[in-house]
>>> print(open('model_4.cif').read())   # mmCIF, C-alpha atoms
data_final
#
loop_
_atom_site.group_PDB
_atom_site.id
_atom_site.type_symbol
_atom_site.label_atom_id
_atom_site.label_comp_id
_atom_site.auth_asym_id
_atom_site.auth_seq_id
_atom_site.Cartn_x
_atom_site.Cartn_y
_atom_site.Cartn_z
ATOM 1 C CA MET A 793 -23.325 2.439 17.031
ATOM 2 C CA TRP A 794 -25.331 0.210 14.676
ATOM 3 C CA ILE A 795 -27.634 -1.087 17.428
ATOM 4 C CA THR A 796 -29.363 2.268 17.809
ATOM 5 C CA PHE A 797 -30.873 2.085 14.325
ATOM 6 C CA PRO A 798 -33.351 -0.405 12.847
ATOM 7 C CA LEU A 799 -31.597 -3.283 11.082
ATOM 8 C CA SER A 800 -33.312 -2.537 7.763
ATOM 9 C CA ASP A 801 -31.912 0.995 7.811
ATOM 10 C CA VAL A 802 -28.426 -0.265 8.603
ATOM 11 C CA VAL A 803 -28.557 -2.760 5.714
ATOM 12 C CA THR A 804 -29.816 -0.055 3.341
ATOM 13 C CA HIS A 805 -27.110 2.365 4.483
ATOM 14 C CA LEU A 806 -24.350 -0.230 4.035
ATOM 15 C CA TYR A 807 -25.714 -1.219 0.614
ATOM 16 C CA TYR A 808 -25.654 2.345 -0.688
ATOM 17 C CA LYS A 809 -22.292 3.018 0.942
ATOM 18 C CA GLY A 810 -20.858 -0.067 -0.798
ATOM 19 C CA ARG A 811 -22.493 0.891 -4.081
ATOM 20 C CA PHE A 812 -21.045 4.395 -3.795
ATOM 21 C CA SER A 813 -17.581 2.987 -3.007
ATOM 22 C CA TYR A 814 -17.768 0.798 -6.106
ATOM 23 C CA GLN A 815 -19.350 3.178 -8.617
ATOM 24 C CA ARG A 816 -17.986 6.572 -7.641
ATOM 25 C CA ASN A 817 -14.689 5.865 -5.904
ATOM 26 C CA ASN A 818 -13.843 2.622 -7.742
ATOM 27 C CA ASP A 819 -12.714 1.219 -4.388
ATOM 28 C CA LEU A 820 -13.580 -2.461 -4.738
ATOM 29 C CA MET A 821 -12.133 -3.501 -1.378
ATOM 30 C CA ALA A 822 -14.209 -0.970 0.585
ATOM 31 C CA ALA A 823 -17.287 -1.908 -1.441
ATOM 32 C CA LYS A 824 -16.640 -5.597 -0.784
ATOM 33 C CA LYS A 825 -16.309 -4.982 2.951
ATOM 34 C CA GLU A 826 -19.495 -2.900 3.216
ATOM 35 C CA LEU A 827 -21.597 -5.137 0.967
ATOM 36 C CA SER A 828 -20.418 -8.279 2.767
ATOM 37 C CA PHE A 829 -21.398 -6.774 6.111
ATOM 38 C CA ALA A 830 -24.772 -5.698 4.710
ATOM 39 C CA TRP A 831 -25.357 -9.196 3.322
ATOM 40 C CA ARG A 832 -24.552 -10.810 6.692
ATOM 41 C CA LEU A 833 -27.031 -8.507 8.454
ATOM 42 C CA CYS A 834 -29.773 -8.953 5.845
ATOM 43 C CA HIS A 835 -32.662 -11.381 6.345
ATOM 44 C CA SER A 836 -32.299 -14.405 4.072
ATOM 45 C CA ASN A 837 -35.738 -14.015 2.451
ATOM 46 C CA SER A 838 -35.420 -10.266 1.821
ATOM 47 C CA MET A 839 -35.221 -8.716 -1.641
ATOM 48 C CA ASN A 840 -32.249 -6.723 -0.376
ATOM 49 C CA CYS A 841 -30.206 -9.950 -0.382
ATOM 50 C CA TYR A 842 -30.592 -10.158 -4.164
ATOM 51 C CA ARG A 843 -29.627 -6.516 -4.646
ATOM 52 C CA ILE A 844 -26.584 -6.917 -2.420
ATOM 53 C CA LEU A 845 -25.494 -10.163 -4.101
ATOM 54 C CA LEU A 846 -25.881 -8.636 -7.550
ATOM 55 C CA LEU A 847 -23.127 -6.163 -6.668
ATOM 56 C CA LEU A 848 -21.108 -8.404 -4.366
ATOM 57 C CA VAL A 849 -20.653 -11.368 -6.723
ATOM 58 C CA PRO A 850 -18.850 -9.426 -9.524
ATOM 59 C CA ILE A 851 -16.694 -7.631 -6.955
ATOM 60 C CA GLN A 852 -15.742 -10.988 -5.417
ATOM 61 C CA ILE A 853 -14.915 -12.382 -8.869
ATOM 62 C CA CYS A 854 -12.641 -9.413 -9.587
ATOM 63 C CA SER A 855 -10.983 -10.046 -6.224
ATOM 64 C CA GLY A 856 -10.213 -13.608 -7.286
ATOM 65 C CA PHE A 857 -12.978 -15.516 -5.513
ATOM 66 C CA LEU A 858 -15.321 -17.502 -7.743
ATOM 67 C CA PRO A 859 -18.827 -17.980 -6.335
ATOM 68 C CA ASN A 860 -20.197 -21.360 -5.339
ATOM 69 C CA LEU A 861 -23.031 -21.709 -7.833
ATOM 70 C CA ALA A 862 -24.721 -24.460 -5.824
ATOM 71 C CA LEU A 863 -25.436 -21.995 -3.008
ATOM 72 C CA MET A 864 -26.728 -19.169 -5.201
ATOM 73 C CA PRO A 865 -30.342 -18.425 -6.182
ATOM 74 C CA PRO A 866 -31.336 -19.785 -9.623
ATOM 75 C CA CYS A 867 -31.518 -16.344 -11.230
ATOM 76 C CA PHE A 868 -27.878 -15.734 -10.276
ATOM 77 C CA VAL A 869 -26.785 -19.180 -11.433
ATOM 78 C CA GLN A 870 -28.269 -18.463 -14.854
ATOM 79 C CA ARG A 871 -26.340 -15.178 -15.170
ATOM 80 C CA PHE A 872 -23.040 -16.102 -13.556
ATOM 81 C CA GLU A 873 -22.588 -19.760 -14.591
ATOM 82 C CA PRO A 874 -21.220 -18.919 -18.075
ATOM 83 C CA ILE A 875 -18.919 -16.282 -16.569
ATOM 84 C CA VAL A 876 -17.537 -18.701 -13.980
ATOM 85 C CA PHE A 877 -17.149 -21.328 -16.723
ATOM 86 C CA ALA A 878 -15.259 -18.842 -18.898
ATOM 87 C CA LEU A 879 -12.919 -17.936 -16.042
ATOM 88 C CA LYS A 880 -12.247 -21.568 -15.100
ATOM 89 C CA HIS A 881 -11.699 -22.755 -18.657
ATOM 90 C CA ALA A 882 -10.082 -19.573 -20.052
ATOM 91 C CA ASN A 883 -12.669 -19.221 -22.821
ATOM 92 C CA ILE A 884 -13.056 -15.609 -23.912
ATOM 93 C CA PHE A 885 -15.836 -16.475 -26.364
ATOM 94 C CA VAL A 886 -18.155 -17.770 -23.636
ATOM 95 C CA LEU A 887 -17.509 -14.616 -21.623
ATOM 96 C CA LYS A 888 -18.163 -12.248 -24.538
ATOM 97 C CA SER A 889 -21.343 -14.085 -25.514
ATOM 98 C CA ALA A 890 -22.642 -14.033 -21.941
ATOM 99 C CA LEU A 891 -21.871 -10.331 -21.616
ATOM 100 C CA ASP A 892 -23.664 -9.620 -24.908
ATOM 101 C CA PHE A 893 -26.647 -11.762 -23.877
ATOM 102 C CA TYR A 894 -27.070 -10.213 -20.410
ATOM 103 C CA GLN A 895 -25.880 -6.718 -21.328
ATOM 104 C CA THR A 896 -29.176 -4.945 -20.621
ATOM 105 C CA ASP A 897 -29.595 -6.647 -17.235
ATOM 106 C CA MET A 898 -26.042 -5.832 -16.221
ATOM 107 C CA ILE A 899 -26.334 -2.206 -17.317
ATOM 108 C CA ASN A 900 -29.550 -1.825 -15.305
ATOM 109 C CA ALA A 901 -27.850 -3.393 -12.272
ATOM 110 C CA GLY A 902 -24.834 -1.110 -12.648
ATOM 111 C CA ILE A 903 -22.283 -3.925 -13.009
ATOM 112 C CA TYR A 904 -21.655 -4.004 -16.756
ATOM 113 C CA MET A 905 -18.463 -1.925 -16.686
ATOM 114 C CA LEU A 906 -17.040 -4.162 -13.973
ATOM 115 C CA MET A 907 -17.965 -7.271 -15.946
ATOM 116 C CA LEU A 908 -16.138 -5.928 -18.998
ATOM 117 C CA LYS A 909 -12.919 -6.139 -16.994
ATOM 118 C CA MET A 910 -13.356 -9.913 -16.721
ATOM 119 C CA ASP A 911 -11.826 -10.450 -20.165
ATOM 120 C CA LEU A 912 -8.429 -9.559 -18.693
ATOM 121 C CA LEU A 913 -8.920 -12.261 -16.072
ATOM 122 C CA VAL A 914 -9.837 -14.767 -18.776
ATOM 123 C CA PHE A 915 -6.741 -13.886 -20.842
ATOM 124 C CA ARG A 916 -4.605 -14.168 -17.712
ATOM 125 C CA GLN A 917 -6.058 -17.624 -17.091
ATOM 126 C CA LEU A 918 -5.338 -18.581 -20.709
ATOM 127 C CA LEU A 919 -1.715 -17.482 -20.363
ATOM 128 C CA ARG A 920 -1.435 -19.332 -17.052
ATOM 129 C CA LYS A 921 -2.674 -22.540 -18.685
ATOM 130 C CA LEU A 922 -0.244 -22.115 -21.570
ATOM 131 C CA TYR A 923 2.618 -21.550 -19.128
ATOM 132 C CA GLU A 924 1.718 -24.672 -17.119
ATOM 133 C CA MET A 925 1.543 -26.687 -20.335
ATOM 134 C CA ARG A 926 4.985 -25.431 -21.404
ATOM 135 C CA VAL A 927 6.505 -26.181 -17.995
ATOM 136 C CA ARG A 928 5.318 -29.781 -18.238
ATOM 137 C CA SER A 929 6.508 -30.239 -21.826
ATOM 138 C CA ILE A 930 9.830 -28.330 -21.922
ATOM 139 C CA HIS A 931 12.972 -28.831 -19.935
ATOM 140 C CA MET A 932 13.487 -26.053 -17.414
ATOM 141 C CA ASP A 933 16.496 -24.618 -19.277
ATOM 142 C CA ASN A 934 14.370 -23.723 -22.341
ATOM 143 C CA LYS A 935 12.528 -20.649 -20.955
ATOM 144 C CA PRO A 936 8.936 -21.855 -20.434
ATOM 145 C CA HIS A 937 7.934 -18.328 -19.393
ATOM 146 C CA VAL A 938 8.399 -17.103 -22.973
ATOM 147 C CA ILE A 939 5.190 -17.995 -24.798
ATOM 148 C CA PRO A 940 5.305 -17.599 -28.581
ATOM 149 C CA LEU A 941 2.602 -15.467 -30.153
ATOM 150 C CA LYS A 942 1.647 -18.294 -32.506
ATOM 151 C CA LEU A 943 0.904 -20.529 -29.501
ATOM 152 C CA ILE A 944 -1.398 -17.872 -28.016
ATOM 153 C CA GLN A 945 -3.236 -17.528 -31.332
ATOM 154 C CA THR A 946 -3.587 -21.317 -31.547
ATOM 155 C CA ALA A 947 -4.983 -21.445 -28.007
ATOM 156 C CA ILE A 948 -7.541 -18.762 -28.881
ATOM 157 C CA GLY A 949 -8.535 -20.792 -31.960
ATOM 158 C CA VAL A 950 -8.998 -23.873 -29.784
ATOM 159 C CA SER A 951 -11.123 -21.795 -27.389
ATOM 160 C CA ARG A 952 -13.334 -20.753 -30.300
ATOM 161 C CA LYS A 953 -13.829 -24.399 -31.330
ATOM 162 C CA GLN A 954 -14.629 -25.373 -27.735
ATOM 163 C CA PHE A 955 -17.170 -22.562 -27.550
ATOM 164 C CA VAL A 956 -18.912 -23.681 -30.741
ATOM 165 C CA ALA A 957 -19.127 -27.233 -29.350
ATOM 166 C CA SER A 958 -20.376 -26.120 -25.919
ATOM 167 C CA LYS A 959 -23.901 -25.684 -24.582
ATOM 168 C CA TRP A 960 -23.255 -21.956 -24.333
ATOM 169 C CA PHE A 961 -23.125 -21.564 -28.108
ATOM 170 C CA GLN A 962 -26.597 -23.053 -28.454
ATOM 171 C CA GLU A 963 -27.938 -20.965 -25.556
ATOM 172 C CA PHE A 964 -26.561 -17.636 -26.752
ATOM 173 C CA ASP A 965 -26.535 -18.250 -30.525
ATOM 174 C CA GLY A 966 -30.074 -17.095 -31.236
ATOM 175 C CA ASN A 967 -29.601 -13.811 -29.392
ATOM 176 C CA MET A 968 -26.051 -12.887 -30.338
ATOM 177 C CA THR A 969 -25.659 -9.624 -32.196
ATOM 178 C CA THR A 970 -22.373 -10.592 -33.839
ATOM 179 C CA SER A 971 -21.169 -13.762 -35.414
ATOM 180 C CA THR A 972 -18.884 -16.089 -33.482
ATOM 181 C CA ASP A 973 -16.002 -15.430 -35.848
ATOM 182 C CA ASN A 974 -16.045 -11.710 -35.093
ATOM 183 C CA ASP A 975 -16.772 -11.837 -31.337
ATOM 184 C CA VAL A 976 -13.253 -11.139 -30.239
ATOM 185 C CA GLU A 977 -10.920 -9.019 -32.258
ATOM 186 C CA ILE A 978 -7.355 -9.682 -31.243
ATOM 187 C CA THR A 979 -4.598 -7.462 -32.471
ATOM 188 C CA PHE A 980 -0.978 -7.596 -31.544
ATOM 189 C CA ASP A 981 1.212 -4.581 -32.050
ATOM 190 C CA ILE A 982 4.830 -5.618 -31.828
ATOM 191 C CA ASP A 983 7.403 -2.873 -32.104
ATOM 192 C CA HIS A 984 10.942 -4.037 -32.717
#
>>> encode(input="model_4.cif", output="structure tokens")
Amino acid sequence: MWITFPLSDVVTHLYYKGRFSYQRNNDLMAAKKELSFAWRLCHSNSMNCYRILLLLVPIQICSGFLPNLALMPPCFVQRFEPIVFALKHANIFVLKSALDFYQTDMINAGIYMLMLKMDLLVFRQLLRKLYEMRVRSIHMDNKPHVIPLKLIQTAIGVSRKQFVASKWFQEFDGNMTTSTDNDVEITFDIDH
């Protein structure tokens, strides 16, 4: 069926079909499938590759696949390197600063709302690291899956200190709209 149409039209059709699946139907798996197929059919030096990757990379990240930054164009490395760093190192402050810094670009590309969901992935990674630390330090009969709230707050404080000491603080500091201390408001509502 696809061989009867020019390749450029097929790539354009698949791009818009994937974009529609993502933005209107919120079907990330269908969007991933269509955008991946469009990217494979696209010429490597075409501008369409950049448009396709701009949607495909955040969808892949939400699916659990981090991009290989060494294979990406420099403009994508600049945008997605702090996000990949935040996901790998469970640092919510790097993620929030990167999202604030690139907010206008991401809104124009139509990926900002998807990128806002990344904070859940970062918190999940933080909890996973805390769990692994507790498994290594506590005997198995002491419930390592129960993580005290104080430990989570301490880990978030350590993340803030790591952010201030990182290169990302210097890169985003001049253009941040909020101070580092107020970047992430964390509230816990515990009903007993």
>>> resolve_selection(input="model_4.cif", expression="the PyMOL selection byres ((chain A and resi 876-885) around 9)", output="ChimeraX atom specification")
/A:853,858-859,861,872-875,886-890,910-911,913-919,921,948,951-952,954-956,972,975-976
>>> closest_residue(input="model_4.cif", among="A:Ser800, A:Gly856, A:Leu845, A:Asn837", to="A:Met821", atoms="only C-alpha atoms")
A:Gly856
>>> axis_aligned_box(input="model_4.cif", around="stretch 855-868 of chain A", padding_each_side="8 Å", output="JSON")
{"center_x": -20.9, "center_y": -17.3, "center_z": -7.1, "size_x": 37.3, "size_y": 30.4, "size_z": 24.2}
>>> resolve_selection(input="model_4.cif", expression="the PyMOL selection byres ((chain A and resi 831) around 8)", output="PyMOL selection string")
chain A and resi 803+827-830+832-834+841+844-845
>>> atom_distance(input="model_4.cif", atom1="atom CA of A:Asn818", atom2="atom CA of A:Ala862")
29.2 Å
>>> atom_distance(input="model_4.cif", atom1="atom CA of A:Ile903", atom2="atom CA of A:Arg871")
12.2 Å
>>> closest_residue(input="model_4.cif", among="A:Lys942, A:Arg926, A:Arg811, A:Arg816", to="A:Arg843", atoms="all atoms listed in the file")
A:Arg811
>>> atom_distance(input="model_4.cif", atom1="atom CA of A:Glu963", atom2="atom CA of A:Gln870")
11.0 Å
>>> residues_near_point(input="model_4.cif", point="(3.7, -16.9, -25.2)", cutoff="10 Å", atoms="only C-alpha atoms", output="NGL selection string")
:A and (919-920 or 922-923 or 926 or 936-945)
>>> closest_residue(input="model_4.cif", among="A:Asn860, A:Ala823, A:Phe964, A:Asp801", to="A:Asp892", atoms="only C-alpha atoms")
A:Phe964
>>> build_atoms(input="model_4.cif", residues="stretch 859-870 of chain A", atoms="all heavy atoms", output="mmCIF file, keeping the file's coordinate frame")
data_model
loop_
_atom_site.group_PDB
_atom_site.id
_atom_site.type_symbol
_atom_site.label_atom_id
_atom_site.label_comp_id
_atom_site.auth_asym_id
_atom_site.auth_seq_id
_atom_site.Cartn_x
_atom_site.Cartn_y
_atom_site.Cartn_z
ATOM 1 N N PRO A 859 -17.695 -17.619 -7.188
ATOM 2 C CA PRO A 859 -18.827 -17.980 -6.335
ATOM 3 C C PRO A 859 -19.147 -19.469 -6.431
ATOM 4 O O PRO A 859 -18.895 -20.111 -7.447
ATOM 5 C CB PRO A 859 -19.971 -17.142 -6.901
ATOM 6 C CG PRO A 859 -19.609 -16.925 -8.319
ATOM 7 C CD PRO A 859 -18.108 -16.851 -8.352
ATOM 8 N N ASN A 860 -19.703 -19.994 -5.354
ATOM 9 C CA ASN A 860 -20.197 -21.360 -5.339
ATOM 10 C C ASN A 860 -21.609 -21.330 -5.917
ATOM 11 O O ASN A 860 -22.545 -20.870 -5.266
ATOM 12 C CB ASN A 860 -20.192 -21.907 -3.909
ATOM 13 C CG ASN A 860 -20.580 -23.365 -3.859
ATOM 14 O OD1 ASN A 860 -21.011 -23.950 -4.850
ATOM 15 N ND2 ASN A 860 -20.435 -23.955 -2.692
ATOM 16 N N LEU A 861 -21.748 -21.811 -7.134
ATOM 17 C CA LEU A 861 -23.031 -21.709 -7.833
ATOM 18 C C LEU A 861 -24.120 -22.558 -7.187
ATOM 19 O O LEU A 861 -25.305 -22.260 -7.329
ATOM 20 C CB LEU A 861 -22.846 -22.101 -9.295
ATOM 21 C CG LEU A 861 -21.942 -21.169 -10.107
ATOM 22 C CD1 LEU A 861 -21.685 -21.744 -11.490
ATOM 23 C CD2 LEU A 861 -22.530 -19.781 -10.206
ATOM 24 N N ALA A 862 -23.732 -23.602 -6.463
ATOM 25 C CA ALA A 862 -24.721 -24.460 -5.824
ATOM 26 C C ALA A 862 -25.455 -23.743 -4.691
ATOM 27 O O ALA A 862 -26.581 -24.099 -4.355
ATOM 28 C CB ALA A 862 -24.043 -25.725 -5.283
ATOM 29 N N LEU A 863 -24.828 -22.717 -4.124
ATOM 30 C CA LEU A 863 -25.436 -21.995 -3.008
ATOM 31 C C LEU A 863 -26.175 -20.735 -3.441
ATOM 32 O O LEU A 863 -26.778 -20.066 -2.610
ATOM 33 C CB LEU A 863 -24.352 -21.609 -1.987
ATOM 34 C CG LEU A 863 -23.581 -22.760 -1.367
ATOM 35 C CD1 LEU A 863 -22.483 -22.234 -0.461
ATOM 36 C CD2 LEU A 863 -24.519 -23.688 -0.606
ATOM 37 N N MET A 864 -26.134 -20.415 -4.715
ATOM 38 C CA MET A 864 -26.728 -19.169 -5.201
ATOM 39 C C MET A 864 -28.166 -19.393 -5.669
ATOM 40 O O MET A 864 -28.537 -20.489 -6.067
ATOM 41 C CB MET A 864 -25.896 -18.615 -6.356
ATOM 42 C CG MET A 864 -24.501 -18.224 -5.937
ATOM 43 S SD MET A 864 -23.572 -17.550 -7.285
ATOM 44 C CE MET A 864 -24.231 -15.912 -7.315
ATOM 45 N N PRO A 865 -28.981 -18.332 -5.638
ATOM 46 C CA PRO A 865 -30.342 -18.425 -6.182
ATOM 47 C C PRO A 865 -30.299 -18.730 -7.685
ATOM 48 O O PRO A 865 -29.341 -18.370 -8.371
ATOM 49 C CB PRO A 865 -30.918 -17.032 -5.935
ATOM 50 C CG PRO A 865 -30.056 -16.408 -4.908
ATOM 51 C CD PRO A 865 -28.711 -17.029 -5.042
ATOM 52 N N PRO A 866 -31.334 -19.387 -8.206
ATOM 53 C CA PRO A 866 -31.336 -19.785 -9.623
ATOM 54 C C PRO A 866 -31.144 -18.634 -10.611
ATOM 55 O O PRO A 866 -30.493 -18.800 -11.637
ATOM 56 C CB PRO A 866 -32.711 -20.433 -9.816
ATOM 57 C CG PRO A 866 -33.146 -20.838 -8.461
ATOM 58 C CD PRO A 866 -32.511 -19.884 -7.497
ATOM 59 N N CYS A 867 -31.677 -17.469 -10.300
ATOM 60 C CA CYS A 867 -31.518 -16.344 -11.230
ATOM 61 C C CYS A 867 -30.055 -15.912 -11.325
ATOM 62 O O CYS A 867 -29.590 -15.469 -12.374
ATOM 63 C CB CYS A 867 -32.398 -15.174 -10.822
ATOM 64 S SG CYS A 867 -32.085 -14.543 -9.166
ATOM 65 N N PHE A 868 -29.296 -16.067 -10.253
ATOM 66 C CA PHE A 868 -27.878 -15.734 -10.276
ATOM 67 C C PHE A 868 -27.060 -16.825 -10.960
ATOM 68 O O PHE A 868 -26.085 -16.534 -11.646
ATOM 69 C CB PHE A 868 -27.344 -15.502 -8.863
ATOM 70 C CG PHE A 868 -27.774 -14.197 -8.284
ATOM 71 C CD1 PHE A 868 -28.827 -14.136 -7.387
ATOM 72 C CD2 PHE A 868 -27.140 -13.026 -8.642
ATOM 73 C CE1 PHE A 868 -29.229 -12.936 -6.866
ATOM 74 C CE2 PHE A 868 -27.537 -11.811 -8.111
ATOM 75 C CZ PHE A 868 -28.588 -11.769 -7.229
ATOM 76 N N VAL A 869 -27.481 -18.069 -10.773
ATOM 77 C CA VAL A 869 -26.785 -19.180 -11.433
ATOM 78 C C VAL A 869 -26.885 -19.012 -12.941
ATOM 79 O O VAL A 869 -25.901 -19.167 -13.668
ATOM 80 C CB VAL A 869 -27.364 -20.540 -10.993
ATOM 81 C CG1 VAL A 869 -26.787 -21.678 -11.817
ATOM 82 C CG2 VAL A 869 -27.091 -20.775 -9.513
ATOM 83 N N GLN A 870 -28.066 -18.649 -13.411
ATOM 84 C CA GLN A 870 -28.269 -18.463 -14.854
ATOM 85 C C GLN A 870 -27.358 -17.374 -15.407
ATOM 86 O O GLN A 870 -26.784 -17.529 -16.485
ATOM 87 C CB GLN A 870 -29.732 -18.105 -15.098
ATOM 88 C CG GLN A 870 -30.090 -17.912 -16.542
ATOM 89 C CD GLN A 870 -31.545 -17.484 -16.700
ATOM 90 O OE1 GLN A 870 -32.266 -17.286 -15.725
ATOM 91 N NE2 GLN A 870 -31.961 -17.346 -17.946
#
